[in-house]
Amino acid sequence: MAEIQQLPKSSAPSLILSVLAEGNKHGYAILRELDQRCGGYFSLTAALLYPALHQMEQDRLVTSRWEQSVGQPRRKVYAITPAGRKRLNSGQAGWRRFISRLSKSKGEPDDFISGDSR
(Lines give C-alpha, C1' and ligand atoms only; values in the text may rest on other atoms or scores of the structure.)
Protein backbone atom coordinates (compact mmCIF):
# COMPACT_ATOMS: atom_id res chain seq x y z
CA MET A 1 0.00 0.00 0.00
CA ALA A 2 1.32 3.44 -0.93
CA GLU A 3 1.92 5.84 1.95
CA ILE A 4 -0.23 8.95 2.21
CA GLN A 5 1.64 11.89 0.79
CA GLN A 6 -1.04 14.56 0.66
CA LEU A 7 -3.03 15.28 3.78
CA PRO A 8 -6.77 14.85 3.17
CA LYS A 9 -8.49 18.22 2.95
CA SER A 10 -10.95 17.34 5.72
CA SER A 11 -8.12 16.71 8.22
CA ALA A 12 -6.43 20.07 7.73
CA PRO A 13 -8.55 22.13 10.18
CA SER A 14 -7.96 19.76 13.10
CA LEU A 15 -4.22 19.74 12.51
CA ILE A 16 -4.06 23.51 12.08
CA LEU A 17 -6.02 24.01 15.30
CA SER A 18 -3.66 21.65 17.14
CA VAL A 19 -0.69 23.81 16.11
CA LEU A 20 -2.43 27.07 17.01
CA ALA A 21 -3.44 25.67 20.41
CA GLU A 22 0.24 25.96 21.34
CA GLY A 23 0.53 29.61 20.28
CA ASN A 24 -0.08 32.14 17.54
CA LYS A 25 1.67 31.48 14.23
CA HIS A 26 1.84 32.73 10.66
CA GLY A 27 1.07 30.41 7.78
CA TYR A 28 4.59 29.28 6.95
CA ALA A 29 5.26 28.52 10.63
CA ILE A 30 2.12 26.37 10.71
CA LEU A 31 3.36 24.41 7.67
CA ARG A 32 6.82 23.95 9.23
CA GLU A 33 5.39 22.80 12.57
CA LEU A 34 3.08 20.25 10.94
CA ASP A 35 5.93 18.92 8.81
CA GLN A 36 8.18 18.65 11.87
CA ARG A 37 5.51 16.88 13.93
CA CYS A 38 4.89 14.17 11.35
CA GLY A 39 8.47 13.88 10.12
CA GLY A 40 7.40 14.63 6.56
CA TYR A 41 4.96 11.70 6.42
CA PHE A 42 2.09 14.03 5.46
CA SER A 43 2.41 17.13 3.37
CA LEU A 44 0.09 20.08 3.79
CA THR A 45 0.54 22.56 0.99
CA ALA A 46 -0.05 26.30 1.03
CA ALA A 47 -2.82 25.60 -1.50
CA LEU A 48 -4.67 23.69 1.25
CA LEU A 49 -3.53 25.75 4.24
CA TYR A 50 -4.65 29.24 3.29
CA PRO A 51 -8.16 28.36 2.08
CA ALA A 52 -8.59 26.29 5.26
CA LEU A 53 -7.44 29.22 7.42
CA HIS A 54 -9.81 31.60 5.62
CA GLN A 55 -12.73 29.23 6.12
CA MET A 56 -11.78 28.69 9.76
CA GLU A 57 -11.71 32.46 10.22
CA GLN A 58 -15.22 32.73 8.73
CA ASP A 59 -16.32 29.92 11.07
CA ARG A 60 -14.77 31.88 13.98
CA LEU A 61 -12.40 29.05 14.89
CA VAL A 62 -9.37 31.31 14.39
CA THR A 63 -8.67 35.03 14.28
CA SER A 64 -5.91 36.84 12.44
CA ARG A 65 -4.01 40.08 12.60
CA TRP A 66 -1.24 41.62 10.55
CA GLU A 67 2.15 41.79 12.23
CA GLN A 68 5.20 43.78 11.17
CA SER A 69 8.71 42.90 12.36
CA VAL A 70 11.72 45.11 11.78
CA GLY A 71 13.39 44.18 8.50
CA GLN A 72 10.68 41.61 7.69
CA PRO A 73 7.68 41.77 5.41
CA ARG A 74 4.27 42.17 7.01
CA ARG A 75 2.58 38.81 7.68
CA LYS A 76 -0.71 37.54 8.95
CA VAL A 77 -0.61 35.79 12.33
CA TYR A 78 -3.37 33.36 13.32
CA ALA A 79 -4.71 32.55 16.79
CA ILE A 80 -7.17 29.92 17.97
CA THR A 81 -10.47 31.12 19.46
CA PRO A 82 -12.48 29.52 22.29
CA ALA A 83 -14.75 28.00 19.61
CA GLY A 84 -11.64 26.64 17.90
CA ARG A 85 -10.44 25.03 21.14
CA LYS A 86 -13.84 23.43 21.60
CA ARG A 87 -13.76 22.09 18.03
CA LEU A 88 -10.20 20.83 18.53
CA ASN A 89 -11.13 18.95 21.71
CA SER A 90 -14.16 17.29 20.15
CA GLY A 91 -12.19 16.49 17.00
CA GLN A 92 -9.37 14.86 18.96
CA ALA A 93 -11.82 12.68 20.84
CA GLY A 94 -13.40 11.64 17.55
CA TRP A 95 -10.01 10.77 16.02
CA ARG A 96 -9.08 8.68 19.08
CA ARG A 97 -12.34 6.72 18.79
CA PHE A 98 -11.81 6.23 15.04
CA ILE A 99 -8.22 5.00 15.43
CA SER A 100 -9.18 2.73 18.32
CA ARG A 101 -12.04 1.15 16.40
CA LEU A 102 -9.96 0.81 13.25
CA SER A 103 -7.20 -0.89 15.24
CA LYS A 104 -9.66 -3.25 16.91
CA SER A 105 -11.22 -4.14 13.54
CA LYS A 106 -7.75 -5.18 12.35
CA GLY A 107 -7.24 -7.32 15.47
CA GLU A 108 -4.60 -5.05 16.96
CA PRO A 109 -4.29 -4.59 20.75
CA ASP A 110 -5.97 -1.65 22.51
CA ASP A 111 -2.59 -0.04 23.20
CA PHE A 112 -1.75 0.08 19.47
CA ILE A 113 -2.47 3.82 19.37
CA SER A 114 0.37 4.64 21.74
CA GLY A 115 2.88 2.58 19.77
CA ASP A 116 4.79 3.49 16.63
CA SER A 117 2.86 2.05 13.69
CA ARG A 118 5.58 2.53 11.05
# chains A, B, ... in the order shown; residues from 1 in each chain; ligands from 1
$ residues_around --residues "A:Ala21" --least-positions-apart "2" --cutoff "8 Å" --atoms "only C-alpha atoms" --output "tab-separated table (two decimals) with N, CA and C atoms, in the first residue's frame"
chain	number	residue	atom	x	y	z
A	17	LEU	N	-5.61	23.62	13.95
A	17	LEU	CA	-6.02	24.01	15.30
A	17	LEU	C	-5.07	23.45	16.36
A	18	SER	N	-4.58	22.24	16.15
A	18	SER	CA	-3.66	21.65	17.14
A	18	SER	C	-2.35	22.44	17.22
A	19	VAL	N	-1.90	22.98	16.11
A	19	VAL	CA	-0.69	23.81	16.11
A	19	VAL	C	-0.98	25.15	16.79
A	23	GLY	N	0.11	28.22	20.41
A	23	GLY	CA	0.53	29.61	20.28
A	23	GLY	C	0.24	30.16	18.89
A	24	ASN	N	0.22	31.47	18.79
A	24	ASN	CA	-0.08	32.14	17.54
A	24	ASN	C	1.05	31.91	16.53
A	79	ALA	N	-4.53	32.98	15.40
A	79	ALA	CA	-4.71	32.55	16.79
A	79	ALA	C	-5.99	31.73	16.89
A	80	ILE	N	-5.98	30.73	17.75
A	80	ILE	CA	-7.17	29.92	17.97
A	80	ILE	C	-8.14	30.68	18.88
A	85	ARG	N	-10.89	25.99	20.12
A	85	ARG	CA	-10.44	25.03	21.14
A	85	ARG	C	-11.51	23.96	21.38
$ atom_distance --atom1 "atom CA of A:Phe42" --atom2 "atom CA of A:Lys104"
23.8 Å
$ select_by_dssp --residues "stretch 33-103 of chain A" --states "alpha helix (DSSP H)" --output "number ranges by chain"
A: 33-38, 46-58, 82-103
$ atom_distance --atom1 "atom CA of A:Ser69" --atom2 "atom CA of A:Ala12"
27.8 Å
$ closest_residue --among "A:Gly107, A:Gly27, A:Pro51, A:Gly40" --to "A:Tyr78" --atoms "only C-alpha atoms"
A:Gly27
$ closest_residue --among "A:Ser14, A:Gln72, A:Asn89, A:Gln36" --to "A:Leu53" --atoms "only C-alpha atoms"
A:Ser14
